[in-house]
Amino acid sequence: MKTVNCQVQSISALTPHVYKVLLKPNDSVSFIAGQYLNFVMNEEDKRPFSIASSPNSDLIELQIGAFLADSYPMQVIEKIKQCEENNTEVTVEIASGDAQLRTESERPLLLLAGGTGFSYIKSMFEYLVETHSTREVIVYWGLREESACYELDKTAKTISELTNGTFIPVVENATDTWQGKQGLVHKVAMDDIKNLASYDIYLAGRFDMVGAIRTDFTEQGALVDHMFADAFAYI
């Protein structure tokens, strides 16, 4: 991986618990959609985060969920805020991960994420739009409740630019005001797609969630060799 210093372009709250960070690298960087970087706290402490931006972007975007004070991700947020205030740089190592988009494949794509795992698939569908992909691309994003949703209209607009793209947000604990699909996101996908064998499938979310999805999807025809997730290295 390459070590790069970055200016903090901006940090903003997408929800009360999710932060959007834009970093401007001081040097050129190269990665494949779906890879991650390490945020360097110090030489002994390097923390992985999915890259939410396309490889073609001038800025590196991160989407960091931080729910508890002094938690692992909140410590990163506080360091980024401090660097922004003091006009100092942050350091990242880029890029790593084996669950990157297989750009040589022409198979239809199923991109599915829970929570801030969305950043992993966002990099992919933005890249596919920019490269004018004609592949079928179905994007499912699962969230526990409506208050956790962010940038839905922006995402829908981006995916609509694909020749054959579909965006389906799913809320697990929805209220009567929610107009979209409800339930567990992968169960909704299984109801919609009866045979998963033809798809390249990319997954992101909690490790237990990804493990359960792998089991359920294979029972509905998904091919293990065409399922990708960073979590697979740990479960």
# chains A, B, ... in the order shown; residues from 1 in each chain; ligands from 1

call {"tool": "closest_atom_pairs", "arguments": {"of": "range 136-175 of chain A", "to": "range 197-202 of chain A", "cutoff": "12 Å", "atoms": "only C-alpha atoms", "output": "CSV"}}
result
residue,atom,partner,partner_atom,distance
A:Glu136,CA,A:Tyr199,CA,9.3
A:Val137,CA,A:Tyr199,CA,9.5
A:Ile138,CA,A:Ile201,CA,9.7
A:Val139,CA,A:Tyr202,CA,9.7
A:Tyr140,CA,A:Tyr202,CA,10.4
A:Trp141,CA,A:Tyr202,CA,11.8

call {"tool": "write_last_selection", "arguments": {"atoms": "C-alpha atoms", "output": "CSV table (one decimal), in the first residue's frame"}}
result
chain,number,residue,atom,x,y,z
A,136,GLU,CA,-27.5,-5.0,-15.0
A,137,VAL,CA,-26.8,-3.4,-11.6
A,138,ILE,CA,-29.2,-4.0,-8.7
A,139,VAL,CA,-28.3,-2.0,-5.5
A,140,TYR,CA,-29.9,-3.0,-2.2
A,141,TRP,CA,-29.2,-0.9,0.9

call {"tool": "residues_around", "arguments": {"residues": "range 171-183 of chain A", "least_positions_apart": "6", "cutoff": "7 Å", "atoms": "only C-alpha atoms", "output": "mmCIF file with all heavy atoms, in the first residue's frame"}}
result
data_model
loop_
_atom_site.group_PDB
_atom_site.id
_atom_site.type_symbol
_atom_site.label_atom_id
_atom_site.label_comp_id
_atom_site.auth_asym_id
_atom_site.auth_seq_id
_atom_site.Cartn_x
_atom_site.Cartn_y
_atom_site.Cartn_z
ATOM 1 N N GLY A 142 -29.708 -1.783 3.089
ATOM 2 C CA GLY A 142 -30.536 -2.062 4.246
ATOM 3 C C GLY A 142 -30.187 -1.187 5.433
ATOM 4 O O GLY A 142 -29.016 -0.982 5.761
ATOM 5 N N LEU A 143 -31.229 -0.663 6.090
ATOM 6 C CA LEU A 143 -31.066 0.210 7.249
ATOM 7 C C LEU A 143 -32.067 -0.198 8.330
ATOM 8 O O LEU A 143 -33.151 -0.694 8.022
ATOM 9 C CB LEU A 143 -31.298 1.671 6.847
ATOM 10 C CG LEU A 143 -30.299 2.179 5.796
ATOM 11 C CD1 LEU A 143 -30.956 3.184 4.870
ATOM 12 C CD2 LEU A 143 -29.087 2.790 6.475
ATOM 13 N N ARG A 144 -31.704 0.020 9.581
ATOM 14 C CA ARG A 144 -32.582 -0.396 10.668
ATOM 15 C C ARG A 144 -33.849 0.452 10.740
ATOM 16 O O ARG A 144 -34.933 -0.048 11.036
ATOM 17 C CB ARG A 144 -31.852 -0.339 12.005
ATOM 18 C CG ARG A 144 -30.811 -1.438 12.181
ATOM 19 C CD ARG A 144 -30.337 -1.493 13.610
ATOM 20 N NE ARG A 144 -29.344 -2.533 13.808
ATOM 21 C CZ ARG A 144 -29.626 -3.808 14.043
ATOM 22 N NH1 ARG A 144 -30.892 -4.199 14.115
ATOM 23 N NH2 ARG A 144 -28.658 -4.698 14.221
ATOM 24 N N GLU A 145 -33.694 1.761 10.507
ATOM 25 C CA GLU A 145 -34.838 2.669 10.610
ATOM 26 C C GLU A 145 -34.655 3.832 9.652
ATOM 27 O O GLU A 145 -33.559 4.071 9.125
ATOM 28 C CB GLU A 145 -34.983 3.178 12.046
ATOM 29 C CG GLU A 145 -33.724 3.776 12.598
ATOM 30 C CD GLU A 145 -33.740 3.934 14.110
ATOM 31 O OE1 GLU A 145 -34.498 3.220 14.784
ATOM 32 O OE2 GLU A 145 -32.997 4.792 14.606
ATOM 33 N N GLU A 146 -35.735 4.560 9.432
ATOM 34 C CA GLU A 146 -35.709 5.646 8.448
ATOM 35 C C GLU A 146 -34.717 6.745 8.799
ATOM 36 O O GLU A 146 -34.115 7.362 7.914
ATOM 37 C CB GLU A 146 -37.110 6.237 8.299
ATOM 38 C CG GLU A 146 -38.109 5.305 7.640
ATOM 39 C CD GLU A 146 -39.491 5.375 8.278
ATOM 40 O OE1 GLU A 146 -40.292 6.219 7.839
ATOM 41 O OE2 GLU A 146 -39.758 4.595 9.210
#

call {"tool": "closest_residue", "arguments": {"among": "A:Lys79, A:Tyr72, A:Ser54, A:Pro25", "to": "Ile11 in chain A", "atoms": "only C-alpha atoms"}}
result
A:Lys79

call {"tool": "select_by_dssp", "arguments": {"residues": "range 1-123 of chain A", "states": "helix (DSSP H, G or I)", "output": "PyMOL selection string"}}
result
chain A and resi 72-86+115-123

call {"tool": "closest_residue", "arguments": {"among": "A:Gln7, A:Thr134, A:Thr91, A:Asn195", "to": "Lys24 in chain A", "atoms": "only C-alpha atoms"}}
result
A:Gln7

call {"tool": "closest_residue", "arguments": {"among": "A:Ala148, A:Val4, A:Ala99, A:Ala222", "to": "Pro16 in chain A", "atoms": "only C-alpha atoms"}}
result
A:Ala148

call {"tool": "residues_around", "arguments": {"residues": "Ala204 in chain A", "least_positions_apart": "5", "cutoff": "8 Å", "atoms": "only C-alpha atoms", "output": "PyMOL selection string"}}
result
chain A and resi 112-114+117-118+120-121+210+229-231
